[in-house]
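Containing mmCIF, C-alpha atoms: input.cif.
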data_model
#
loop_
_atom_site.label_atom_id
_atom_site.label_comp_id
_atom_site.auth_asym_id
_atom_site.auth_seq_id
_atom_site.Cartn_x
_atom_site.Cartn_y
_atom_site.Cartn_z
CA MET U 1 -41.69 23.17 9.34
CA LYS U 2 -41.41 19.67 8.01
CA ASN U 3 -40.71 16.46 9.95
CA MET U 4 -37.69 14.61 8.62
CA LYS U 5 -35.21 11.88 9.58
CA LYS U 6 -31.60 12.84 10.01
CA VAL U 7 -29.32 9.90 9.15
CA GLU U 8 -25.67 10.12 10.22
CA ILE U 9 -23.19 7.41 9.27
CA VAL U 10 -19.57 6.98 10.34
CA PHE U 11 -17.87 4.42 8.09
CA GLU U 12 -14.49 3.32 6.74
CA ALA U 13 -13.37 5.60 3.94
CA VAL U 14 -12.71 2.69 1.54
CA TYR U 15 -16.42 1.93 1.47
CA LEU U 16 -17.51 5.41 0.41
CA ASN U 17 -18.46 4.37 -3.13
CA ARG U 18 -20.51 1.45 -1.84
CA LEU U 19 -22.38 3.66 0.58
CA MET U 20 -23.00 6.24 -2.15
CA ASP U 21 -24.40 3.48 -4.39
CA LEU U 22 -26.74 2.42 -1.61
CA LEU U 23 -27.98 5.96 -1.00
CA ASN U 24 -28.35 6.59 -4.74
CA LYS U 25 -30.32 3.37 -5.11
CA HIS U 26 -32.84 4.75 -2.63
CA LYS U 27 -32.92 8.13 -4.37
CA ILE U 28 -31.21 9.85 -1.49
CA LEU U 29 -29.07 12.16 -3.57
CA LYS U 30 -28.30 15.02 -1.19
CA TYR U 31 -25.87 14.65 1.66
CA SER U 32 -22.89 16.26 3.41
CA LEU U 33 -19.62 14.39 3.65
CA ILE U 34 -16.76 15.01 6.06
CA ARG U 35 -13.60 13.08 5.24
CA ASP U 36 -10.80 11.82 7.47
CA LEU U 37 -12.36 11.89 10.92
CA GLU U 38 -10.23 11.60 14.00
CA GLY U 39 -11.48 10.15 17.26
CA ARG U 40 -11.72 7.17 19.55
CA GLY U 41 -13.85 4.11 18.94
CA SER U 42 -13.90 0.41 19.76
CA HIS U 43 -10.67 -0.02 17.74
CA GLY U 44 -8.84 2.66 19.74
CA PHE U 45 -7.80 6.14 18.72
CA LYS U 46 -7.88 6.85 14.99
CA MET U 47 -5.72 9.63 13.67
CA ASN U 48 -5.90 11.04 10.22
CA ASP U 49 -2.27 10.20 9.61
CA ASP U 50 -2.32 6.98 7.65
CA VAL U 51 -0.62 6.75 4.30
CA THR U 52 -3.35 4.30 3.44
CA CYS U 53 -7.07 5.14 3.50
CA VAL U 54 -7.78 1.80 5.19
CA GLY U 55 -7.30 3.34 8.62
CA SER U 56 -9.46 6.41 8.11
CA ASN U 57 -13.13 7.04 8.69
CA ASP U 58 -15.53 9.36 6.89
CA TYR U 59 -18.84 10.83 8.07
CA ILE U 60 -21.91 11.41 6.00
CA PHE U 61 -25.23 12.95 6.98
CA THR U 62 -28.43 13.32 5.08
CA LEU U 63 -32.04 14.26 5.64
CA CYS U 64 -34.86 12.18 4.26
CA GLU U 65 -38.58 11.59 4.59
CA GLU U 66 -39.68 8.82 6.95
CA GLU U 67 -40.82 6.60 4.04
CA GLU U 68 -37.46 7.00 2.32
CA PHE U 69 -35.69 6.04 5.52
CA LEU U 70 -37.88 2.98 6.04
CA ALA U 71 -37.06 1.82 2.53
CA LEU U 72 -33.35 2.29 3.21
CA ARG U 73 -33.24 0.97 6.77
CA GLU U 74 -32.65 -2.77 6.29
CA GLU U 75 -30.05 -2.38 3.57
CA LEU U 76 -28.25 0.21 5.66
CA ARG U 77 -28.28 -2.18 8.61
CA SER U 78 -26.77 -4.92 6.41
CA PHE U 79 -24.14 -2.46 5.20
CA ILE U 80 -23.09 -1.62 8.76
CA ARG U 81 -23.08 -5.30 9.75
CA ARG U 82 -20.85 -6.22 6.81
CA TYR U 83 -18.49 -3.27 6.64
CA GLY U 84 -18.58 -1.91 10.18
CA GLY U 85 -19.27 1.65 11.24
CA LYS U 86 -22.06 3.37 13.13
CA CYS U 87 -25.38 4.83 12.05
CA PHE U 88 -27.52 7.26 14.06
CA VAL U 89 -31.06 8.26 13.16
CA THR U 90 -32.87 11.17 14.76
CA ASP U 91 -36.20 12.88 14.23
CA THR U 92 -35.68 16.41 13.16
CA MET U 93 -37.48 19.32 11.62
CA MET U 94 -36.44 21.30 8.61
CA LEU U 95 -37.02 25.02 8.85
CA LEU U 96 -36.61 25.79 5.19
CA MET H 1 27.75 -9.61 5.90
CA SER H 2 30.04 -6.76 6.82
CA PHE H 3 28.88 -4.23 9.40
CA ASP H 4 30.08 -1.49 7.04
CA ILE H 5 27.33 -2.32 4.51
CA ILE H 6 24.67 -2.02 7.23
CA LEU H 7 26.18 1.22 8.48
CA GLN H 8 26.36 2.64 4.97
CA ASN H 9 22.63 2.16 4.62
CA MET H 10 21.68 3.19 8.16
CA LEU H 11 23.69 6.41 7.94
CA ASN H 12 21.72 7.48 4.93
CA PRO H 13 19.87 10.65 6.12
CA PRO H 14 16.37 9.63 4.90
CA VAL H 15 16.68 6.27 6.74
CA LEU H 16 17.78 8.10 9.90
CA PHE H 17 14.77 10.40 9.58
CA PHE H 18 12.56 7.31 9.56
CA PHE H 19 13.98 6.23 12.91
CA LEU H 20 13.73 9.81 14.19
CA GLY H 21 9.99 9.64 13.46
CA MET H 22 9.75 6.38 15.39
CA LEU H 23 11.66 7.84 18.32
CA ALA H 24 9.30 10.83 18.39
CA VAL H 25 6.39 8.47 19.06
CA PHE H 26 8.30 6.35 21.61
CA PHE H 27 9.32 9.47 23.56
CA LYS H 28 5.80 10.93 23.23
CA SER H 29 7.01 14.01 21.38
CA GLU H 30 4.32 16.22 19.84
CA LEU H 31 6.10 15.99 16.48
CA ALA H 32 3.59 15.76 13.62
CA ILE H 33 3.66 16.51 9.92
CA PRO H 34 0.59 18.55 9.02
CA GLN H 35 -1.87 16.69 6.82
CA PRO H 36 -2.11 16.42 3.89
CA LEU H 37 1.62 17.05 3.37
CA PRO H 38 2.58 13.34 3.60
CA LYS H 39 0.17 12.65 0.74
CA LEU H 40 1.90 15.39 -1.27
CA PHE H 41 5.34 13.85 -0.53
CA SER H 42 4.05 10.49 -1.68
CA LEU H 43 2.78 12.00 -4.96
CA TYR H 44 6.07 13.85 -5.39
CA LEU H 45 8.11 10.65 -4.96
CA LEU H 46 5.97 8.75 -7.46
CA ILE H 47 6.25 11.51 -10.07
CA ALA H 48 9.99 11.86 -9.52
CA ILE H 49 10.68 8.14 -9.80
CA GLY H 50 8.33 7.75 -12.77
CA LEU H 51 9.77 10.68 -14.72
CA HIS H 52 13.34 9.61 -14.11
CA GLY H 53 12.58 6.01 -15.00
CA GLY H 54 10.85 7.13 -18.20
CA TYR H 55 13.81 9.30 -19.11
CA GLU H 56 16.23 6.39 -18.57
CA LEU H 57 13.95 4.12 -20.57
CA SER H 58 13.88 6.64 -23.44
CA LYS H 59 17.69 6.44 -23.52
CA SER H 60 18.00 2.65 -23.32
CA GLY H 61 14.96 1.67 -25.41
CA LEU H 62 13.26 -1.73 -25.11
CA ASN H 63 15.21 -4.93 -25.71
CA LEU H 64 15.15 -8.59 -24.74
CA TYR H 65 17.11 -7.97 -21.55
CA ILE H 66 14.61 -5.37 -20.33
CA PHE H 67 11.75 -7.66 -21.28
CA GLU H 68 13.33 -10.43 -19.15
CA ALA H 69 13.73 -8.08 -16.17
CA LEU H 70 10.08 -7.04 -16.48
CA MET H 71 8.96 -10.66 -16.76
CA ILE H 72 10.84 -11.61 -13.57
CA ALA H 73 8.94 -8.82 -11.84
CA VAL H 74 5.60 -10.18 -13.05
CA VAL H 75 6.52 -13.77 -12.17
CA MET H 76 7.56 -12.77 -8.64
CA ALA H 77 4.42 -10.68 -8.13
CA THR H 78 2.38 -13.71 -9.18
CA ILE H 79 4.10 -16.53 -7.29
CA VAL H 80 4.77 -14.73 -3.99
CA PRO H 81 1.08 -14.31 -3.07
CA ILE H 82 0.39 -17.92 -4.15
CA TYR H 83 2.98 -19.62 -1.97
CA SER H 84 2.46 -17.11 0.85
CA PHE H 85 -1.25 -17.96 0.89
CA PHE H 86 -0.64 -21.69 1.30
CA ILE H 87 1.93 -21.09 4.06
CA LEU H 88 -0.43 -18.75 5.91
CA LYS H 89 -3.41 -21.07 5.47
CA THR H 90 -1.71 -23.69 7.64
CA LYS H 91 -2.15 -21.40 10.66
CA MET H 92 -4.84 -18.88 9.78
CA ASP H 93 -8.36 -18.55 8.45
CA VAL H 94 -8.82 -18.14 4.72
CA TYR H 95 -9.79 -14.43 4.86
CA ASN H 96 -6.66 -13.27 6.65
CA SER H 97 -4.49 -15.66 4.63
CA ILE H 98 -5.72 -14.05 1.41
CA ALA H 99 -5.26 -10.48 2.66
CA ILE H 100 -1.79 -11.03 4.12
CA ALA H 101 -0.61 -13.03 1.09
CA ALA H 102 -1.77 -10.26 -1.26
CA THR H 103 -0.11 -7.62 0.93
CA TYR H 104 3.22 -9.47 0.68
CA GLY H 105 2.76 -10.20 -3.01
CA SER H 106 2.62 -6.53 -3.88
CA ILE H 107 5.32 -3.93 -3.31
CA SER H 108 6.25 -0.78 -1.42
CA ALA H 109 7.32 2.09 -3.64
CA VAL H 110 9.14 3.85 -0.79
CA THR H 111 11.21 0.74 -0.05
CA PHE H 112 12.17 0.67 -3.74
CA ILE H 113 13.04 4.39 -3.66
CA THR H 114 15.16 3.89 -0.53
CA GLY H 115 16.92 1.01 -2.32
CA ILE H 116 17.66 3.27 -5.29
CA THR H 117 19.09 5.90 -2.94
CA TYR H 118 21.33 3.18 -1.47
CA LEU H 119 22.54 2.10 -4.92
CA ASN H 120 23.30 5.73 -5.78
CA THR H 121 25.24 6.11 -2.53
CA ILE H 122 27.43 3.07 -3.19
CA GLY H 123 27.72 3.83 -6.92
CA VAL H 124 26.05 0.72 -8.33
CA GLU H 125 24.21 1.20 -11.64
CA TYR H 126 20.65 0.10 -12.29
CA GLY H 127 18.23 0.50 -15.20
CA GLY H 128 15.49 3.13 -15.33
CA TYR H 129 13.18 0.41 -16.61
CA MET H 130 13.14 -0.99 -13.07
CA VAL H 131 10.50 1.65 -12.34
CA ALA H 132 8.32 -0.15 -14.89
CA SER H 133 9.00 -3.39 -13.00
CA MET H 134 7.78 -1.74 -9.85
CA ALA H 135 4.58 -0.57 -11.56
CA LEU H 136 4.02 -4.08 -12.95
CA MET H 137 4.40 -5.62 -9.49
CA GLU H 138 1.69 -3.54 -7.80
CA SER H 139 -1.41 -5.21 -9.16
CA PRO H 140 -1.02 -8.99 -9.77
CA ALA H 141 -1.27 -9.72 -6.03
CA ILE H 142 -4.67 -8.01 -5.92
CA VAL H 143 -5.89 -10.16 -8.81
CA ILE H 144 -4.53 -13.32 -7.14
CA GLY H 145 -6.28 -12.25 -3.93
CA LEU H 146 -9.54 -11.93 -5.83
CA VAL H 147 -9.11 -15.33 -7.45
CA PHE H 148 -8.40 -16.94 -4.06
CA ALA H 149 -11.40 -15.16 -2.56
CA ALA H 150 -13.60 -16.54 -5.34
CA LEU H 151 -12.16 -20.06 -4.97
CA PHE H 152 -11.69 -20.53 -1.25
CA ILE H 153 -14.19 -18.32 0.55
CA LYS H 154 -17.14 -19.92 -1.22
CA SER H 155 -15.99 -23.46 -0.57
CA SER H 156 -14.96 -22.86 3.03
CA ASN H 157 -18.34 -21.37 3.94
CA GLY H 158 -20.27 -23.98 2.03
CA GLU H 159 -22.64 -21.26 0.84
CA GLU H 160 -22.82 -18.74 -1.95
CA LYS H 161 -20.57 -15.76 -1.39
CA GLU H 162 -21.98 -12.26 -1.76
CA LYS H 163 -21.57 -11.03 -5.32
CA THR H 164 -18.21 -9.34 -5.76
CA ASP H 165 -18.06 -6.02 -7.56
CA PHE H 166 -15.16 -6.90 -9.87
CA LYS H 167 -15.39 -3.58 -11.67
CA GLU H 168 -14.71 -1.66 -8.47
CA ILE H 169 -11.91 -3.97 -7.39
CA PHE H 170 -10.18 -4.05 -10.77
CA ARG H 171 -10.37 -0.26 -10.80
CA GLU H 172 -8.64 -0.36 -7.42
CA ALA H 173 -6.05 -2.83 -8.74
CA PHE H 174 -5.08 -1.12 -11.97
CA LEU H 175 -6.21 2.48 -11.61
CA ASN H 176 -5.38 3.13 -7.97
CA PRO H 177 -3.72 6.55 -7.61
CA SER H 178 -0.17 5.27 -7.09
CA VAL H 179 -0.16 2.93 -10.12
CA PHE H 180 -1.92 5.52 -12.26
CA LEU H 181 0.47 8.34 -11.36
CA LEU H 182 3.58 6.19 -11.60
CA VAL H 183 2.69 4.81 -15.02
CA GLY H 184 1.59 8.27 -16.19
CA ALA H 185 4.87 9.86 -15.05
CA LEU H 186 6.82 7.01 -16.67
CA ILE H 187 5.08 7.60 -20.00
CA ILE H 188 5.65 11.38 -19.73
CA GLY H 189 9.33 10.66 -19.01
CA ILE H 190 9.57 8.43 -22.10
CA LEU H 191 7.79 10.96 -24.32
CA THR H 192 9.77 14.00 -23.18
CA GLY H 193 13.15 12.24 -22.89
CA GLU H 194 16.31 14.08 -21.91
CA LYS H 195 14.98 17.59 -22.59
CA GLY H 196 11.92 16.96 -20.44
CA TRP H 197 13.91 15.46 -17.59
CA HIS H 198 16.40 18.35 -17.50
CA SER H 199 13.57 20.88 -17.36
CA MET H 200 12.04 19.04 -14.37
CA GLU H 201 15.27 18.06 -12.64
CA PRO H 202 15.52 21.06 -10.27
CA LEU H 203 12.28 19.95 -8.59
CA PHE H 204 12.16 16.20 -9.16
CA GLY H 205 15.90 15.41 -9.09
CA THR H 206 17.77 17.84 -6.88
CA LEU H 207 15.19 17.92 -4.08
CA PHE H 208 14.47 14.19 -4.23
CA LYS H 209 16.48 13.04 -1.21
CA GLY H 210 15.14 15.85 0.98
CA MET H 211 11.55 14.99 0.12
CA LEU H 212 12.26 11.32 0.75
CA ALA H 213 13.57 12.28 4.20
CA PHE H 214 10.32 14.17 4.92
CA PHE H 215 8.22 11.23 3.76
CA LEU H 216 10.24 8.71 5.76
CA LEU H 217 9.96 10.91 8.84
CA ASP H 218 6.19 10.65 8.50
CA MET H 219 6.41 6.90 7.82
CA GLY H 220 8.41 6.57 11.03
CA LEU H 221 5.62 8.28 12.97
CA VAL H 222 2.95 6.11 11.36
CA ALA H 223 4.92 2.85 11.76
CA ALA H 224 5.68 3.52 15.43
CA ARG H 225 2.00 4.21 16.15
CA LYS H 226 1.18 0.80 14.67
CA ILE H 227 3.70 -1.08 16.82
CA HIS H 228 1.30 -1.47 19.77
CA GLU H 229 -1.07 -3.35 17.42
CA LEU H 230 1.57 -6.05 17.01
CA LYS H 231 0.65 -7.41 20.46
CA LYS H 232 -2.50 -8.85 18.88
CA VAL H 233 -0.69 -10.23 15.84
CA GLY H 234 1.17 -13.18 17.37
CA VAL H 235 4.59 -14.74 16.93
CA PHE H 236 3.78 -16.70 13.76
CA LEU H 237 2.83 -13.61 11.78
CA ILE H 238 5.72 -11.52 13.08
CA ALA H 239 8.08 -14.34 12.07
CA PHE H 240 6.32 -14.48 8.69
CA ALA H 241 6.78 -10.71 8.23
CA LEU H 242 10.51 -11.04 8.87
CA ILE H 243 11.33 -14.35 7.17
CA MET H 244 9.10 -14.13 4.09
CA PRO H 245 10.80 -11.00 2.69
CA MET H 246 14.17 -12.78 2.90
CA VAL H 247 12.79 -15.89 1.19
CA ASN H 248 11.20 -13.76 -1.55
CA ALA H 249 14.43 -11.81 -2.05
CA LEU H 250 16.36 -15.08 -2.33
CA VAL H 251 13.96 -16.52 -4.92
CA ALA H 252 14.09 -13.31 -6.98
CA THR H 253 17.89 -13.25 -6.78
CA GLY H 254 18.08 -16.86 -7.95
CA ILE H 255 15.81 -16.22 -10.95
CA ALA H 256 17.65 -12.99 -11.83
CA TYR H 257 21.02 -14.77 -11.63
CA SER H 258 19.87 -17.60 -13.86
CA LEU H 259 18.79 -15.05 -16.50
CA ASP H 260 21.98 -12.99 -16.31
CA ILE H 261 20.33 -9.85 -14.98
CA HIS H 262 22.74 -7.07 -13.99
CA LYS H 263 23.67 -6.72 -10.33
CA GLY H 264 21.87 -3.42 -9.60
CA ASP H 265 18.69 -4.59 -11.34
CA ALA H 266 18.83 -7.95 -9.53
CA PHE H 267 19.14 -6.17 -6.20
CA LEU H 268 16.08 -4.03 -6.99
CA LEU H 269 14.09 -7.10 -8.06
CA ALA H 270 15.03 -8.80 -4.80
CA LEU H 271 14.06 -5.71 -2.81
CA LEU H 272 10.75 -5.31 -4.62
CA SER H 273 9.94 -8.99 -4.05
CA ALA H 274 10.81 -8.60 -0.37
CA SER H 275 8.67 -5.53 0.16
CA ALA H 276 5.01 -5.48 1.16
CA SER H 277 2.26 -3.08 0.20
CA TYR H 278 0.64 -0.73 2.70
CA ILE H 279 -1.41 1.44 0.34
CA ALA H 280 -2.88 -0.23 -2.75
CA VAL H 281 -3.39 -3.80 -1.53
CA PRO H 282 -4.81 -3.08 1.93
CA ALA H 283 -7.42 -0.82 0.31
CA ALA H 284 -8.27 -3.47 -2.30
CA MET H 285 -8.42 -6.22 0.33
CA ARG H 286 -10.69 -4.12 2.53
CA LEU H 287 -13.05 -3.94 -0.45
CA SER H 288 -12.82 -7.53 -1.61
CA VAL H 289 -12.32 -9.39 1.69
CA PRO H 290 -13.90 -7.22 4.40
CA GLU H 291 -13.85 -10.19 6.78
CA ALA H 292 -10.03 -10.03 6.93
CA ASN H 293 -8.66 -8.02 9.82
CA PRO H 294 -6.72 -4.91 8.74
CA GLY H 295 -5.31 -4.89 12.29
CA LEU H 296 -3.18 -7.84 11.11
CA TYR H 297 -1.99 -7.06 7.60
CA LEU H 298 -1.40 -3.32 8.04
CA PRO H 299 0.83 -3.40 11.16
CA LEU H 300 2.75 -6.37 9.74
CA SER H 301 3.55 -4.50 6.57
CA LEU H 302 4.06 -1.05 8.09
CA ALA H 303 5.57 -1.76 11.50
CA VAL H 304 7.58 -4.93 10.81
CA THR H 305 8.49 -5.50 7.16
CA PHE H 306 8.93 -1.88 6.07
CA PRO H 307 11.32 -0.89 8.91
CA PHE H 308 13.18 -4.21 8.53
CA ASN H 309 13.62 -3.75 4.79
CA ILE H 310 14.84 -0.17 4.86
CA SER H 311 17.27 -0.77 7.74
CA LEU H 312 18.64 -4.34 7.60
CA GLY H 313 16.93 -5.74 4.51
CA ILE H 314 18.58 -3.45 1.98
CA PRO H 315 22.16 -4.29 3.05
CA LEU H 316 21.21 -7.96 3.48
CA TYR H 317 19.75 -8.30 -0.02
CA TYR H 318 22.70 -6.44 -1.46
CA PHE H 319 25.01 -8.83 0.38
CA ILE H 320 23.12 -11.83 -1.07
CA VAL H 321 23.26 -10.34 -4.58
CA ASN H 322 26.99 -9.72 -4.09
CA LEU H 323 27.51 -13.37 -3.17
CA PHE H 324 26.09 -14.39 -6.55
CA TRP H 325 27.55 -11.64 -8.72
CA GLY H 326 30.75 -11.03 -6.81
#

Just give me the structure of the file as structure tokens.
Amino acid sequence: MKNMKKVEIVFEAVYLNRLMDLLNKHKILKYSLIRDLEGRGSHGFKMNDDVTCVGSNDYIFTLCEEEEFLALREELRSFIRRYGGKCFVTDTMMLL
Amino acid sequence: MSFDIILQNMLNPPVLFFFLGMLAVFFKSELAIPQPLPKLFSLYLLIAIGLHGGYELSKSGLNLYIFEALMIAVVMATIVPIYSFFILKTKMDVYNSIAIAATYGSISAVTFITGITYLNTIGVEYGGYMVASMALMESPAIVIGLVFAALFIKSSNGEEKEKTDFKEIFREAFLNPSVFLLVGALIIGILTGEKGWHSMEPLFGTLFKGMLAFFLLDMGLVAARKIHELKKVGVFLIAFALIMPMVNALVATGIAYSLDIHKGDAFLLALLSASASYIAVPAAMRLSVPEANPGLYLPLSLAVTFPFNISLGIPLYYFIVNLFWG
């Protein structure tokens, strides 16, 4: 089994391309994406009912090596500061 | 303005479905339209309006009159965000002034479609080329917003602004799904003409009003859910969201009258100028001015201006146009 970092990001859907660019820049090319999340956050309850994508959030998660994460970390922090959202990082192990 | 004109618009089934959607939220009904059906209705309406406009344009052809009508649309879409910005800047920070001005500079396709339904109900003619006017009015406000962001954000901060990705934002301005689909459907309508329209009419003509009712029902639900956000918006902005559309409609009517534009077309130009975007511009502003608060410009457009325009605005602008044209 291999030690990895699991990076989960909840972000506004309009910034998807910018987040993709950031991940691509750091050669993190594999991820799972869940669109149109519903739930409650600091801005109240968000429903996936908006005619505009401005109100909706997406979720992305990826696994990377510790070194890859360290290279990404500061830029990801800046991204969240500028565009909002949440990022969670956990130590995990990959079975296969 | 006669009460009959207001009633004539309010008793239009799609408009009533909008208010039914709002009531569902106020009375805490479980009513919901399964996603992603509202997105499908929105695509349907854009195709229908584009195809029909293209068909009408193929019949009328291009001439100086149509060129003038299109130019008024471009002029209005350019000047509205400019003067709105300077009005807003007297009371607000530069970020929110840019985003709200751009929102009011662009248009709402559903408001336009509801206006067309109203003209059909009262039997007033309009040109199919007005769909092209609508398409032309979507994007200039985004460009003006970008220009203002480049000019004012840098100087107000006194430091270099983060590099803007113009490619991404121009893609959002000119290739956003609604503009792309509308222009595409318009071109298909022009190319296929009468034969093409008649082959598509059972879906995109006959069912049009029913689909509009479905879409407006959903818009009613969405608008009502945004109303609680208005508490944070303040009196100035709510007044802006009600008064500005009337001012814009009046300016457009004046220009249209001075250029001898037909009554139905002038009404649609006034309505387009009075409407505010809630799809294309908010997305573009979120990308180009992330510091602006979408909790201001979205509820203003969706929960104030849109309901006002489709209920009282349409008869009011028609009344104003009638005063000029008789």

Picked residues, the PyMOL selection byres ((chain H and resi 60) around 12), as a ChimeraX atom specification: /H:53-59,61-66,126-130,190,193-194

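Residues lying within 10 Å of Gly39 in chain U, counting all atoms listed in the file and ignoring same-chain neighbours fewer than 4 positions away, are U:Gly44, U:Phe45, U:Lys46, U:Met47, U:Asn48, U:Asn57.
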
Counting only C-alpha atoms, which residues come within 9 Å of (0.0, 3.3, -0.9), with the point read in the file's coordinates, and could you list them as a PyMOL selection string? (chain U and resi 51-53) or (chain H and resi 42+108-109+176-178+277-283)

With a distance threshold of 12 Å and counting only C-alpha atoms, extract the residues of chain H near chain U and express them as an MDAnalysis selection string. chainID H and resid 32:43 108 110 162 164:165 168:169 172 176:178 215:216 218:226 228:229 277:295 297:299 301:302

With C-alpha atoms retained, write the just-selected residues as a compact mmCIF listing (two decimals), in the coordinates of the input.
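Listed below is the output, again_28.txt:
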# COMPACT_ATOMS: atom_id res chain seq x y z
CA ALA H 32 3.59 15.76 13.62
CA ILE H 33 3.66 16.51 9.92
CA PRO H 34 0.59 18.55 9.02
CA GLN H 35 -1.87 16.69 6.82
CA PRO H 36 -2.11 16.42 3.89
CA LEU H 37 1.62 17.05 3.37
CA PRO H 38 2.58 13.34 3.60
CA LYS H 39 0.17 12.65 0.74
CA LEU H 40 1.90 15.39 -1.27
CA PHE H 41 5.34 13.85 -0.53
CA SER H 42 4.05 10.49 -1.68
CA LEU H 43 2.78 12.00 -4.96
CA SER H 108 6.25 -0.78 -1.42
CA VAL H 110 9.14 3.85 -0.79
CA GLU H 162 -21.98 -12.26 -1.76
CA THR H 164 -18.21 -9.34 -5.76
CA ASP H 165 -18.06 -6.02 -7.56
CA GLU H 168 -14.71 -1.66 -8.47
CA ILE H 169 -11.91 -3.97 -7.39
CA GLU H 172 -8.64 -0.36 -7.42
CA ASN H 176 -5.38 3.13 -7.97
CA PRO H 177 -3.72 6.55 -7.61
CA SER H 178 -0.17 5.27 -7.09
CA PHE H 215 8.22 11.23 3.76
CA LEU H 216 10.24 8.71 5.76
CA ASP H 218 6.19 10.65 8.50
CA MET H 219 6.41 6.90 7.82
CA GLY H 220 8.41 6.57 11.03
CA LEU H 221 5.62 8.28 12.97
CA VAL H 222 2.95 6.11 11.36
CA ALA H 223 4.92 2.85 11.76
CA ALA H 224 5.68 3.52 15.43
CA ARG H 225 2.00 4.21 16.15
CA LYS H 226 1.18 0.80 14.67
CA HIS H 228 1.30 -1.47 19.77
CA GLU H 229 -1.07 -3.35 17.42
CA SER H 277 2.26 -3.08 0.20
CA TYR H 278 0.64 -0.73 2.70
CA ILE H 279 -1.41 1.44 0.34
CA ALA H 280 -2.88 -0.23 -2.75
CA VAL H 281 -3.39 -3.80 -1.53
CA PRO H 282 -4.81 -3.08 1.93
CA ALA H 283 -7.42 -0.82 0.31
CA ALA H 284 -8.27 -3.47 -2.30
CA MET H 285 -8.42 -6.22 0.33
CA ARG H 286 -10.69 -4.12 2.53
CA LEU H 287 -13.05 -3.94 -0.45
CA SER H 288 -12.82 -7.53 -1.61
CA VAL H 289 -12.32 -9.39 1.69
CA PRO H 290 -13.90 -7.22 4.40
CA GLU H 291 -13.85 -10.19 6.78
CA ALA H 292 -10.03 -10.03 6.93
CA ASN H 293 -8.66 -8.02 9.82
CA PRO H 294 -6.72 -4.91 8.74
CA GLY H 295 -5.31 -4.89 12.29
CA TYR H 297 -1.99 -7.06 7.60
CA LEU H 298 -1.40 -3.32 8.04
CA PRO H 299 0.83 -3.40 11.16
CA SER H 301 3.55 -4.50 6.57
CA LEU H 302 4.06 -1.05 8.09

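CA of Ala102 in chain H to CA of Pro81 in chain H spans 5.3 Å [interatomic distance, one decimal].
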
Kindly resolve the PyMOL selection byres ((chain H and resi 266) around 8) on the present coordinates and return the residues as a CSV table (one decimal) with C-alpha atoms, keeping the file's coordinate frame.
chain,number,residue,atom,x,y,z
H,252,ALA,CA,14.1,-13.3,-7.0
H,253,THR,CA,17.9,-13.2,-6.8
H,256,ALA,CA,17.6,-13.0,-11.8
H,257,TYR,CA,21.0,-14.8,-11.6
H,261,ILE,CA,20.3,-9.8,-15.0
H,262,HIS,CA,22.7,-7.1,-14.0
H,263,LYS,CA,23.7,-6.7,-10.3
H,264,GLY,CA,21.9,-3.4,-9.6
H,265,ASP,CA,18.7,-4.6,-11.3
H,267,PHE,CA,19.1,-6.2,-6.2
H,268,LEU,CA,16.1,-4.0,-7.0
H,269,LEU,CA,14.1,-7.1,-8.1
H,270,ALA,CA,15.0,-8.8,-4.8
H,321,VAL,CA,23.3,-10.3,-4.6

List as a VMD selection string the protein and nucleic acid residues near range 19-25 of chain U, meaning an atom at most 12 Å away when all atoms listed in the file are counted, but skip any in the same chain fewer than 3 places from it. (chain U and resid 7 9 to 16 28 to 33 58 to 64 68 to 69 71 to 80 82 to 85 87) or (chain H and resid 165 168)

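Each of H:Tyr118, H:Ile6, H:Val131, H:Asn96 was checked against Gly184 in chain H using all atoms listed in the file; the smallest atom-to-atom distance is that of H:Val131.
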
Could you jot down the CA of Ile144 in chain H to CA of Leu175 in chain H separation for me, Å, one decimal place? 16.5 Å

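Coordinates place CA of Ser273 in chain H at a distance of 16.4 Å from CA of Leu259 in chain H.
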
Name the closest residue to Val233 in chain H among the candidates H:Gly115, H:Ile100, H:Leu316, H:Ser199; distances are taken between atoms, counting only C-alpha atoms.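 Checking each candidate against Val233 in chain H, we get H:Ile100 as the closest.
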
Missing atoms in range 4-9 of chain U: can you complete it with N, CA and C atoms, as an mmCIF file, keeping the file's coordinate frame?
data_model
loop_
_atom_site.group_PDB
_atom_site.id
_atom_site.type_symbol
_atom_site.label_atom_id
_atom_site.label_comp_id
_atom_site.auth_asym_id
_atom_site.auth_seq_id
_atom_site.Cartn_x
_atom_site.Cartn_y
_atom_site.Cartn_z
ATOM 1 N N MET U 4 -38.638 15.373 9.449
ATOM 2 C CA MET U 4 -37.690 14.610 8.620
ATOM 3 C C MET U 4 -36.897 13.644 9.512
ATOM 4 N N LYS U 5 -36.160 12.741 8.863
ATOM 5 C CA LYS U 5 -35.210 11.880 9.580
ATOM 6 C C LYS U 5 -33.794 12.349 9.230
ATOM 7 N N LYS U 6 -32.998 12.507 10.264
ATOM 8 C CA LYS U 6 -31.600 12.840 10.010
ATOM 9 C C LYS U 6 -30.780 11.554 10.174
ATOM 10 N N VAL U 7 -30.096 11.146 9.126
ATOM 11 C CA VAL U 7 -29.320 9.900 9.150
ATOM 12 C C VAL U 7 -27.836 10.264 9.123
ATOM 13 N N GLU U 8 -27.121 9.840 10.156
ATOM 14 C CA GLU U 8 -25.670 10.120 10.220
ATOM 15 C C GLU U 8 -24.935 8.777 10.205
ATOM 16 N N ILE U 9 -23.918 8.674 9.383
ATOM 17 C CA ILE U 9 -23.190 7.410 9.270
ATOM 18 C C ILE U 9 -21.691 7.684 9.366
#
